[in-house]
Structures are given as structure tokens and as C-alpha cells.
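Undergrad: For reference, the file model.tsv (TSV, C-alpha atoms and all ligand atoms) is included below:
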```tsv
chain	number	residue	atom	x	y	z
A	1	MET	CA	49.06	48.04	93.66
A	2	ASN	CA	48.81	45.67	90.71
A	3	PHE	CA	50.90	46.84	87.81
A	4	PRO	CA	50.07	45.77	84.22
A	5	ILE	CA	53.60	44.45	83.71
A	6	SER	CA	53.06	42.84	80.32
A	7	ARG	CA	51.76	46.19	79.04
A	8	PHE	CA	54.83	47.92	80.50
A	9	GLU	CA	57.16	45.72	78.41
A	10	SER	CA	56.38	47.73	75.27
A	11	ILE	CA	56.67	51.18	76.87
A	12	GLU	CA	59.94	53.08	76.90
A	13	THR	CA	61.17	53.70	80.44
A	14	PRO	CA	61.29	55.77	82.56
A	15	PHE	CA	57.63	56.81	82.69
A	16	TYR	CA	55.00	57.76	85.23
A	17	PHE	CA	52.17	55.29	85.71
A	18	TYR	CA	48.92	56.65	87.14
A	19	ASP	CA	46.27	54.36	88.60
A	20	LEU	CA	43.15	56.34	87.72
A	21	SER	CA	40.80	54.11	89.65
A	22	LEU	CA	42.78	54.83	92.84
A	23	LEU	CA	42.65	58.53	91.96
A	24	GLN	CA	38.86	58.30	91.55
A	25	GLN	CA	38.48	56.51	94.89
A	26	THR	CA	40.66	59.17	96.51
A	27	LEU	CA	38.57	61.97	94.99
A	28	ASN	CA	35.35	60.25	96.13
A	29	GLU	CA	36.66	60.09	99.72
A	30	LEU	CA	37.74	63.71	99.62
A	31	LYS	CA	34.36	64.80	98.20
A	32	LYS	CA	32.54	62.87	100.92
A	33	ALA	CA	34.69	64.54	103.58
A	34	GLU	CA	34.09	67.98	102.05
A	35	GLU	CA	30.33	67.50	101.73
A	36	ALA	CA	30.07	66.64	105.42
A	37	HIS	CA	30.84	70.33	106.11
A	38	PRO	CA	28.66	72.66	104.01
A	39	ARG	CA	30.91	75.72	104.44
A	40	PHE	CA	34.16	73.88	103.61
A	41	HIS	CA	35.67	74.17	100.12
A	42	VAL	CA	38.60	72.14	98.79
A	43	HIS	CA	40.89	73.56	96.12
A	44	TYR	CA	43.36	71.16	94.53
A	45	ALA	CA	46.94	72.52	94.64
A	46	ILE	CA	47.93	72.27	90.98
A	47	LYS	CA	51.62	72.40	91.83
A	48	ALA	CA	51.52	68.80	93.05
A	49	ASN	CA	50.67	67.43	89.61
A	50	ALA	CA	49.57	69.45	86.61
A	51	ASN	CA	49.11	66.58	84.16
A	52	PRO	CA	46.08	67.69	82.06
A	53	ARG	CA	44.28	64.35	82.34
A	54	ILE	CA	44.62	64.37	86.12
A	55	LEU	CA	43.50	68.00	86.33
A	56	GLN	CA	40.43	67.24	84.21
A	57	LEU	CA	39.38	64.41	86.53
A	58	ILE	CA	39.80	66.60	89.61
A	59	ALA	CA	37.96	69.54	88.00
A	60	ALA	CA	35.11	67.24	86.91
A	61	LYS	CA	34.61	66.26	90.53
A	62	GLY	CA	33.76	69.87	91.36
A	63	PHE	CA	36.83	70.92	93.35
A	64	GLY	CA	38.43	74.35	93.06
A	65	ALA	CA	42.08	74.98	92.15
A	66	ASP	CA	44.97	76.54	94.03
A	67	CYS	CA	47.65	78.02	91.77
A	68	VAL	CA	51.08	79.55	92.28
A	69	SER	CA	51.80	80.90	88.79
A	70	GLY	CA	50.04	82.29	85.75
A	71	GLY	CA	50.85	79.04	83.97
A	72	GLU	CA	48.98	77.12	86.67
A	73	VAL	CA	46.01	79.52	86.44
A	74	GLN	CA	45.91	78.84	82.69
A	75	ALA	CA	46.28	75.07	83.21
A	76	ALA	CA	43.40	75.16	85.70
A	77	LEU	CA	41.17	77.08	83.27
A	78	ASN	CA	42.10	74.72	80.41
A	79	ALA	CA	41.20	71.70	82.55
A	80	GLY	CA	37.75	73.11	83.30
A	81	PHE	CA	38.14	74.52	86.83
A	82	PRO	CA	35.67	77.45	87.04
A	83	ALA	CA	37.47	80.79	87.42
A	84	ASP	CA	35.43	81.61	90.51
A	85	LYS	CA	36.95	78.58	92.28
A	86	ILE	CA	40.57	79.45	91.46
A	87	VAL	CA	42.85	81.01	94.09
A	88	PHE	CA	46.35	82.28	93.33
A	89	ALA	CA	49.19	82.40	95.91
A	90	GLY	CA	52.94	83.01	95.61
A	91	VAL	CA	55.45	85.60	96.81
A	92	GLY	CA	56.46	86.76	93.34
A	93	LYS	CA	53.45	87.19	91.08
A	94	SER	CA	54.46	89.01	87.89
A	95	ASP	CA	52.38	91.80	86.31
A	96	LYS	CA	51.56	89.48	83.41
A	97	GLU	CA	50.33	86.75	85.78
A	98	ILE	CA	48.21	89.22	87.77
A	99	SER	CA	46.73	90.63	84.59
A	100	LEU	CA	45.87	87.20	83.19
A	101	SER	CA	44.20	86.21	86.47
A	102	LEU	CA	42.19	89.44	86.72
A	103	LYS	CA	40.97	89.08	83.15
A	104	ALA	CA	39.95	85.47	83.86
A	105	GLY	CA	38.04	86.64	86.96
A	106	ILE	CA	39.67	84.33	89.51
A	107	SER	CA	38.15	84.02	92.95
A	108	CYS	CA	41.01	85.41	95.02
A	109	PHE	CA	44.67	86.44	95.12
A	110	ASN	CA	46.42	85.23	98.26
A	111	VAL	CA	48.68	88.23	98.70
A	112	GLU	CA	52.04	87.95	100.43
A	113	SER	CA	53.31	91.54	100.84
A	114	THR	CA	52.23	95.20	100.79
A	115	PRO	CA	54.11	96.00	97.55
A	116	GLU	CA	52.15	93.18	95.91
A	117	LEU	CA	48.88	94.72	97.14
A	118	GLU	CA	49.83	98.01	95.47
A	119	VAL	CA	50.71	96.33	92.18
A	120	ILE	CA	47.49	94.29	92.07
A	121	ASN	CA	45.51	97.44	92.86
A	122	THR	CA	47.22	99.38	90.04
A	123	ILE	CA	46.69	96.61	87.47
A	124	ALA	CA	43.06	96.10	88.57
A	125	ALA	CA	42.46	99.88	88.20
A	126	SER	CA	43.97	99.87	84.71
A	127	LEU	CA	41.61	97.03	83.74
A	128	GLY	CA	38.62	98.70	85.42
A	129	VAL	CA	38.00	95.76	87.78
A	130	THR	CA	38.10	95.03	91.50
A	131	ALA	CA	40.53	92.32	92.66
A	132	ARG	CA	39.44	90.07	95.51
A	133	VAL	CA	42.38	89.52	97.84
A	134	ALA	CA	43.15	87.49	100.94
A	135	LEU	CA	46.20	88.23	103.07
A	136	ARG	CA	48.61	85.35	103.48
A	137	VAL	CA	49.68	85.38	107.09
A	138	ASN	CA	52.85	83.81	108.40
A	139	PRO	CA	51.74	82.37	111.76
A	140	ASN	CA	55.26	81.32	112.89
A	141	ILE	CA	54.15	77.72	113.47
A	142	ASP	CA	56.57	74.80	113.16
A	143	ALA	CA	55.01	72.14	110.91
A	144	HIS	CA	57.53	69.51	112.11
A	145	THR	CA	58.33	68.47	108.58
A	146	HIS	CA	61.44	68.73	106.37
A	147	ALA	CA	63.01	72.22	106.51
A	148	LYS	CA	62.65	72.63	102.76
A	149	ILE	CA	58.87	72.15	102.90
A	150	THR	CA	58.29	74.25	106.03
A	151	THR	CA	56.65	77.53	105.07
A	152	GLY	CA	55.05	79.07	108.16
A	153	LEU	CA	58.05	80.12	110.26
A	154	ASN	CA	59.29	83.69	110.61
A	155	GLU	CA	62.48	82.83	108.72
A	156	ASN	CA	60.47	81.63	105.70
A	157	LYS	CA	59.82	84.04	102.83
A	158	PHE	CA	56.06	83.48	102.77
A	159	GLY	CA	53.24	85.72	103.95
A	160	ILE	CA	53.09	88.78	106.17
A	161	PRO	CA	53.90	88.54	109.89
A	162	ALA	CA	50.74	88.05	111.97
A	163	GLU	CA	51.68	91.08	114.08
A	164	ASP	CA	51.35	93.32	111.00
A	165	LEU	CA	47.87	92.08	110.09
A	166	VAL	CA	45.78	94.97	111.48
A	167	LYS	CA	48.10	97.54	109.91
A	168	VAL	CA	48.02	95.79	106.51
A	169	ILE	CA	44.23	95.43	106.61
A	170	ALA	CA	43.97	99.18	107.19
A	171	PHE	CA	46.28	99.69	104.20
A	172	VAL	CA	44.16	97.43	101.94
A	173	LYS	CA	41.15	99.57	102.73
A	174	THR	CA	42.91	102.59	101.22
A	175	LEU	CA	43.31	100.79	97.88
A	176	LYS	CA	40.18	101.41	95.80
A	177	ASN	CA	40.39	98.46	93.44
A	178	LEU	CA	40.84	95.77	96.08
A	179	GLU	CA	38.22	93.90	98.06
A	180	LEU	CA	39.54	92.09	101.12
A	181	VAL	CA	37.84	88.70	101.34
A	182	GLY	CA	39.89	86.75	103.84
A	183	VAL	CA	43.09	85.49	105.36
A	184	HIS	CA	45.27	82.67	104.08
A	185	TYR	CA	47.71	80.29	105.78
A	186	HIS	CA	49.90	77.42	104.59
A	187	ILE	CA	52.35	76.13	107.18
A	188	GLY	CA	54.10	73.38	105.22
A	189	SER	CA	53.76	70.05	103.49
A	190	GLN	CA	53.86	66.32	104.35
A	191	ILE	CA	52.50	67.00	107.84
A	192	THR	CA	51.56	63.67	109.38
A	193	GLU	CA	50.71	64.74	112.93
A	194	PRO	CA	47.58	66.69	113.93
A	195	GLU	CA	49.41	69.08	116.32
A	196	PRO	CA	50.64	71.66	113.80
A	197	PHE	CA	47.11	71.95	112.37
A	198	ARG	CA	45.67	72.30	115.89
A	199	HIS	CA	48.20	75.05	116.59
A	200	LEU	CA	47.11	76.73	113.40
A	201	CYS	CA	43.46	76.65	114.53
A	202	GLU	CA	44.43	78.14	117.92
A	203	HIS	CA	46.44	80.86	116.18
A	204	ILE	CA	43.54	81.72	113.86
A	205	ASN	CA	41.02	81.74	116.73
A	206	GLU	CA	43.22	84.14	118.69
A	207	TRP	CA	43.62	86.45	115.73
A	208	GLN	CA	39.93	86.37	114.85
A	209	GLU	CA	39.27	87.73	118.34
A	210	LYS	CA	41.92	90.43	117.96
A	211	LEU	CA	40.47	91.46	114.60
A	212	ARG	CA	36.95	91.44	115.96
A	213	ALA	CA	38.10	93.81	118.75
A	214	GLU	CA	39.25	96.15	115.97
A	215	GLY	CA	35.84	95.84	114.25
A	216	ILE	CA	37.25	93.65	111.47
A	217	SER	CA	35.41	90.59	110.21
A	218	LEU	CA	36.52	88.62	107.15
A	219	PRO	CA	34.29	86.19	105.24
A	220	GLY	CA	36.96	83.68	104.21
A	221	ILE	CA	39.66	81.67	105.96
A	222	ASN	CA	42.01	79.54	103.88
A	223	VAL	CA	44.13	77.05	105.84
A	224	GLY	CA	46.21	75.84	102.86
A	225	GLY	CA	47.34	72.26	102.31
A	226	GLY	CA	49.95	70.10	103.98
A	227	LEU	CA	48.17	66.85	104.80
A	228	GLY	CA	50.83	64.13	104.61
A	229	ILE	CA	50.69	60.66	103.09
A	230	ASP	CA	52.18	57.26	103.98
A	231	TYR	CA	55.38	56.96	101.94
A	232	VAL	CA	56.45	53.85	103.89
A	233	ALA	CA	53.43	51.63	103.27
A	234	PRO	CA	51.47	52.98	100.30
A	235	ASP	CA	49.49	49.77	99.80
A	236	ALA	CA	48.35	49.73	103.44
A	237	ASN	CA	47.31	53.40	103.35
A	238	PRO	CA	46.49	54.32	99.77
A	239	ILE	CA	43.94	57.03	100.71
A	240	PRO	CA	44.86	59.75	103.23
A	241	PRO	CA	42.59	60.47	106.22
A	242	PHE	CA	40.66	63.35	104.64
A	243	ALA	CA	37.63	63.09	106.94
A	244	ASP	CA	39.84	63.27	110.07
A	245	HIS	CA	41.71	66.23	108.62
A	246	LEU	CA	38.59	68.26	107.84
A	247	ASP	CA	36.94	67.22	111.11
A	248	LEU	CA	39.96	68.54	113.02
A	249	PHE	CA	39.29	72.01	111.62
A	250	ALA	CA	35.54	71.66	112.27
A	251	ARG	CA	36.30	70.86	115.91
A	252	HIS	CA	39.12	73.30	116.63
A	253	LEU	CA	38.49	76.33	114.44
A	254	ASN	CA	35.84	78.81	115.59
A	255	LEU	CA	34.24	79.41	112.22
A	256	ARG	CA	31.40	81.91	112.40
A	257	GLU	CA	28.04	81.30	110.64
A	258	ASP	CA	28.89	83.78	107.91
A	259	GLN	CA	32.41	82.44	107.24
A	260	GLU	CA	33.65	79.90	104.70
A	261	LEU	CA	36.71	77.69	105.18
A	262	HIS	CA	39.01	76.84	102.27
A	263	PHE	CA	41.63	74.08	101.94
A	264	GLU	CA	44.39	73.68	99.35
A	265	LEU	CA	45.32	70.01	99.25
A	266	GLY	CA	47.94	68.82	96.77
A	267	ARG	CA	50.11	65.88	97.77
A	268	SER	CA	47.37	64.00	99.60
A	269	VAL	CA	45.16	64.01	96.49
A	270	VAL	CA	47.58	62.67	93.89
A	271	ALA	CA	50.69	61.15	95.51
A	272	GLN	CA	49.54	57.55	95.95
A	273	CYS	CA	48.07	57.07	92.48
A	274	GLY	CA	51.42	57.65	90.74
A	275	SER	CA	54.56	55.53	90.42
A	276	LEU	CA	57.74	56.18	88.51
A	277	ILE	CA	58.59	53.08	86.49
A	278	SER	CA	62.21	52.56	85.48
A	279	ARG	CA	64.39	49.75	84.24
A	280	VAL	CA	67.63	48.37	85.67
A	281	LEU	CA	70.48	49.25	83.32
A	282	TYR	CA	73.35	47.71	85.26
A	283	VAL	CA	74.09	45.93	88.51
A	284	LYS	CA	77.49	47.24	89.53
A	285	GLU	CA	79.63	45.65	92.23
A	286	GLY	CA	81.49	48.38	94.09
A	287	HIS	CA	84.16	47.72	96.73
A	288	THR	CA	81.79	48.14	99.63
A	289	LYS	CA	78.42	48.40	97.93
A	290	LYS	CA	76.29	47.01	95.18
A	291	PHE	CA	74.73	49.62	92.93
A	292	LEU	CA	71.49	49.16	91.08
A	293	ILE	CA	71.79	51.65	88.24
A	294	VAL	CA	68.36	52.44	86.81
A	295	ASP	CA	67.38	54.52	83.79
A	296	ALA	CA	65.42	57.07	85.86
A	297	GLY	CA	67.27	59.87	87.62
A	298	PHE	CA	66.60	63.01	89.59
A	299	THR	CA	65.53	64.63	86.35
A	300	ASP	CA	62.46	62.38	86.55
A	301	LEU	CA	61.91	62.38	90.34
A	302	ILE	CA	63.85	65.00	92.25
A	303	ARG	CA	62.34	64.51	95.73
A	304	PRO	CA	65.13	62.22	97.07
A	305	ALA	CA	67.86	64.67	95.96
A	306	LEU	CA	65.94	67.80	96.97
A	307	TYR	CA	64.22	66.77	100.20
A	308	ASP	CA	66.07	63.58	101.26
A	309	ALA	CA	62.80	61.82	100.49
A	310	HIS	CA	62.52	58.05	100.25
A	311	HIS	CA	60.05	56.39	97.92
A	312	PHE	CA	58.98	52.82	98.62
A	313	THR	CA	60.88	50.87	95.97
A	314	GLN	CA	59.81	47.61	94.34
A	315	ASN	CA	61.30	45.28	91.77
A	316	ILE	CA	58.06	44.47	89.96
A	317	SER	CA	59.69	42.05	87.49
A	318	ALA	CA	61.22	39.72	90.09
A	319	THR	CA	59.36	36.44	90.26
A	320	ASP	CA	61.37	35.24	93.26
A	321	GLN	CA	60.82	37.76	96.07
A	322	THR	CA	62.63	35.57	98.64
A	323	ALA	CA	66.25	35.84	97.44
A	324	THR	CA	67.26	39.38	98.26
A	325	ALA	CA	70.27	41.69	98.17
A	326	THR	CA	71.10	45.17	99.42
A	327	TYR	CA	71.62	47.88	96.83
A	328	ASP	CA	72.18	51.58	96.53
A	329	VAL	CA	69.59	52.49	93.92
A	330	VAL	CA	71.02	55.23	91.72
A	331	GLY	CA	70.27	57.03	88.48
A	332	PRO	CA	72.39	57.88	85.44
A	333	ILE	CA	72.71	61.66	85.99
A	334	CYS	CA	76.26	62.98	86.33
A	335	GLU	CA	75.76	64.26	89.88
A	336	SER	CA	76.55	62.41	93.12
A	337	SER	CA	73.15	63.45	94.47
A	338	ASP	CA	71.41	61.27	91.89
A	339	VAL	CA	70.61	58.56	94.43
A	340	PHE	CA	67.11	57.20	95.05
A	341	SER	CA	68.07	55.28	98.18
A	342	GLU	CA	70.97	53.65	100.01
A	343	ASN	CA	70.98	50.12	101.43
A	344	GLU	CA	67.67	49.21	99.84
A	345	HIS	CA	66.66	45.57	100.37
A	346	LEU	CA	65.25	44.25	97.11
A	347	PRO	CA	64.78	40.89	95.44
A	348	LEU	CA	67.89	39.86	93.51
A	349	SER	CA	67.77	42.24	90.57
A	350	HIS	CA	69.05	41.97	87.03
A	351	ARG	CA	69.53	44.11	83.95
A	352	GLY	CA	66.12	44.75	82.38
A	353	ASP	CA	64.06	44.38	85.57
A	354	LEU	CA	61.37	47.00	86.16
A	355	ILE	CA	61.72	49.09	89.32
A	356	ALA	CA	58.75	51.06	90.65
A	357	PHE	CA	59.21	54.10	92.87
A	358	ARG	CA	55.88	54.39	94.63
A	359	SER	CA	53.90	57.41	95.91
A	360	ALA	CA	55.38	59.52	93.14
A	361	GLY	CA	52.17	61.14	91.88
A	362	ALA	CA	52.85	64.40	93.75
A	363	TYR	CA	55.86	66.63	93.09
A	364	GLY	CA	57.16	64.02	90.65
A	365	GLU	CA	56.34	64.45	86.97
A	366	VAL	CA	55.62	68.12	87.53
A	367	MET	CA	59.19	68.76	88.73
A	368	ALA	CA	60.89	66.77	85.94
A	369	SER	CA	63.63	68.51	83.97
A	370	THR	CA	65.69	67.91	80.85
A	371	TYR	CA	69.07	68.35	82.58
A	372	ASN	CA	71.79	66.31	80.82
A	373	CYS	CA	69.64	66.75	77.64
A	374	ARG	CA	67.35	64.01	78.88
A	375	THR	CA	63.83	63.40	77.64
A	376	LEU	CA	60.93	64.20	79.96
A	377	PRO	CA	59.22	61.08	81.30
A	378	ALA	CA	55.95	60.13	79.63
A	379	ALA	CA	52.66	59.64	81.53
A	380	VAL	CA	50.89	56.29	81.18
A	381	PHE	CA	47.39	55.75	82.60
A	382	SER	CA	45.77	52.62	83.93
A	383	GLU	CA	42.76	53.23	81.66
A	384	GLU	CA	44.11	53.82	78.18
B	401	LIG	C1	50.23	78.00	99.17
B	401	LIG	C2	50.21	76.52	99.07
B	401	LIG	N1	49.02	75.88	99.19
B	401	LIG	C3	48.94	74.53	99.11
B	401	LIG	C4	50.05	73.75	98.90
B	401	LIG	C5	49.88	72.25	98.79
B	401	LIG	O1	50.47	71.60	99.82
B	401	LIG	P1	50.36	70.01	99.94
B	401	LIG	O2	50.79	69.42	98.65
B	401	LIG	O3	51.27	69.68	101.05
B	401	LIG	O4	48.93	69.70	100.27
B	401	LIG	C6	51.31	74.36	98.81
B	401	LIG	C7	52.51	73.53	98.65
B	401	LIG	O5	53.61	73.88	98.83
B	401	LIG	C8	51.39	75.78	98.87
B	401	LIG	O6	52.55	76.40	98.76
```
Using C-alpha cells, write down the structure that the file contains.
Ligand SMILES: Cc1ncc(COP(=O)(O)O)c(C=O)c1O

TA:
Amino acid sequence: MNFPISRFESIETPFYFYDLSLLQQTLNELKKAEEAHPRFHVHYAIKANANPRILQLIAAKGFGADCVSGGEVQAALNAGFPADKIVFAGVGKSDKEISLSLKAGISCFNVESTPELEVINTIAASLGVTARVALRVNPNIDAHTHAKITTGLNENKFGIPAEDLVKVIAFVKTLKNLELVGVHYHIGSQITEPEPFRHLCEHINEWQEKLRAEGISLPGINVGGGLGIDYVAPDANPIPPFADHLDLFARHLNLREDQELHFELGRSVVAQCGSLISRVLYVKEGHTKKFLIVDAGFTDLIRPALYDAHHFTQNISATDQTATATYDVVGPICESSDVFSENEHLPLSHRGDLIAFRSAGAYGEVMASTYNCRTLPAAVFSEE
């Protein structure tokens, strides 16, 4: 990625830089992949990045939205996502969030428990409407990703156990203000191998047969998100393999003629277009290590502290890339976990140099906090 470094000189660090032309190219690829399968529908998972300008671009491309809070439903509506393309998941939807979503006329609630079904039914009845619901099923599939972003195992809090599906479907049918429109799955995030998705297809195929034997047929299947990106070499692989991902489901999932398949992609859509730009405050010589202390911390990008994530790190000011040193790259927050990476090989770095943490467009800005009374990072766009 080419950074407009002279423009950066006048911007207060740390900030997020978004390459909107890369985002457009990514959206074009995703649209092409989606259009190759007429009954496939992609919803962008707002949780990955809810920056209004980014949401507007994604909405303008005609994708739906996947939300996990009332605030996200509102952000999606504000950005121009049509209500009938908005789906709403989450284990703990509040009455206020359910009410807001029903009034907006969203496409579907992805429901995670029987008590939630009862509450949605009661609120829908009080508003005189019918709520469309899909049941989020926990398929007990290992996504082979970091434990903190694995969601489809029995020990995870998400969804209802597959074994309870028939019983819960029978229960939904007793609730007058609900219409059951499908089943929903999301097994985890940053999944870079096809196997977990193939297992998911096998699981769904098996359960479709079991449901069919019970006389149950559902029009919608939502397989969630999870497609991983290349954090190691973002310039070599700036756009994730969307066509392969969608083709995998076309090949392995037995979708009937009258069924639609929904996806909820977050990270893969926005991660590569964003970088966190920070400045070196100090180069500190420890006894055994050299520390590069930058002005960004986990308040700006929490993924390394939260998920042991590593972001490809570049000194974008260094003119001599041949003389290098090994640094622990750390932030200013008063917590030992405020470390971006250990033993990072970088060009010799100096106070004032700009450091870019790449692939930070997903789960970056959106997770920023003001801990230590810090200021939230600004967003800067390639086309200003
Ligand atoms: C229900 C649901 N759908 C979709 C996503 C998006 O996942 P990803 O960003 O890995 O595509 C998430 C992320 O955690 C999620 O919880």
C-alpha cells in the first residue's frame, strides 16, 4: 500500500487511514462473487467497522447488513441499508433493541434462546406486528481459530444446541406473532481453512434431512461470516478469496430451489483497507530489549492484547530499509498487555517516525476506547 506520507505529517496521530479505492475493489469482487449465485445474499457484519463513511459505501453497493445491537441496527438504517436487508443476532437483545428493530421492519431476528423467542413474540404482539425469526443453531463445530473468536462449540454461549432444533421449532409455532423464516449459524472468525466451512455444510445437510423427515422446511439458511484474511502479507493478498468461499457453499450445501442462502461477512470486507498510523515517541534501551514506544495503544487497536493478534508493522518514514533492529513495539497505556508485538524486525527507527499497523480496518476503530482518558483515534480517508 502506498501511504500519502506528506499528507500524514499534518495529521495528529494516532489515526486510522482507510484506502477507499481498495475498499471499492474489495466490494466489487464480493459483488461479483455474490452475483454468480442468484440465491446468495451477502450482509455486511457492521460490528467489524461501523464508520459511517464505510457503511455508506457498502450500503450503496447493495449489500444487506448484519447487526448485533440496536445501535448497529440504527447505524445500518442511517447509512442507507434497507430495513428488509437487515438481520439482527446476539444472545442478549434488550426489549428496547427488539422494539426499535420491529418498528423499523428488519428482515429477521437471529434468535439464540427460547426465552428470547417469548420476549420477541410479546413485544411484536404489543406492536401489532409479526416478527420474522431464524433460529441460531450451535452446530458444535471447531473453527480452528483463536479460542476467543470461536463461537460454534457447545461450550460457547451462542445459539441453541442442534439437538433441540425440532423441539424449539415446534415451540415457535405456538407463538402467534412470530414467523419462522430460517436457521442461522456462525462458527467463528478469521477462519483461513475450508474444512470448518465444509463441516458446517455437512452439518446443515444432515439437519435439513432430519427436519424434512419431520415435515419441516425452512426458506432461509444463514451461514454467518468468518472468512479470514492474510494478516502476514497484506500487500500480496489485499482481497480475500470471496469467489472460492461462496463457491464452497454452492458445491457442498444442498440448497433447495425454494431456499435462499445468506452470508454475514465482516472482517474480510474491511480489514485490509485500514491501517492504524502512529508515531514513535521514544526508542528505549532496556537491559535485554529495545522498546519502540509509539503513541497508539490498545485503546486504539485492542486485537493484540485481546486475541494475541499480530498486525504487519511498517516504519513508513524510514528511507533506509536496509539497516534494521529488533524492537518490542509497545504503546503508552499503563498496562503490561499494551504490546503490539515482540521482537519485531524494523528499519532503524527514531522519534517522530510513522509506524503503520496494517490490516486494521476490522475490529480496530470500532473497538477503540477512551481508557486512560485518551482521545478516540480519528478516521482519515484516501479520498478527502
Ligand atoms: C453472528 C455473527 N455474524 C457475522 C460475524 C462476522 O464475522 P467475520 O468478521 O469473521 O466475518 C460475527 C462476528 O463475530 C458474528 O458474531

Undergrad: Neighbours of ligand LIG 401 (chain B) within 9 Å, counting all atoms listed in the file, as a PyMOL selection string?

TA: chain A and resi 43-48+66-68+88-90+110+136+149-151+158+184-191+223-228+263-271+362-363

Undergrad: Which is closest to Thr324 (chain A) among A:Leu261, A:Val380, A:Ile5, A:Leu348, if we use only C-alpha atoms?

TA: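 Residue with the minimum atom-to-atom distance to Thr324 (chain A): A:Leu348.
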
Undergrad: Please list as an MDAnalysis selection string every residue within 10 Å of Leu23 (chain A), counting all atoms listed in the file and excluding residues in the same chain fewer than 6 positions away.

TA: chainID A and resid 29 54 57:58 238:239 269:274 361

Undergrad: Which is closest to Lys96 (chain A) among A:His262, A:Ala124, A:Val111, A:Thr319, if we use only C-alpha atoms?

TA: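 Result for the nearest residue to Lys96 (chain A): A:Ala124.
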
Undergrad: I'd like the interatomic distance between CA of Ser101 (chain A) and CA of Glu35 (chain A), to a tenth of an Å.

TA: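 Value for the CA of Ser101 (chain A)-CA of Glu35 (chain A) distance: 27.8 Å.
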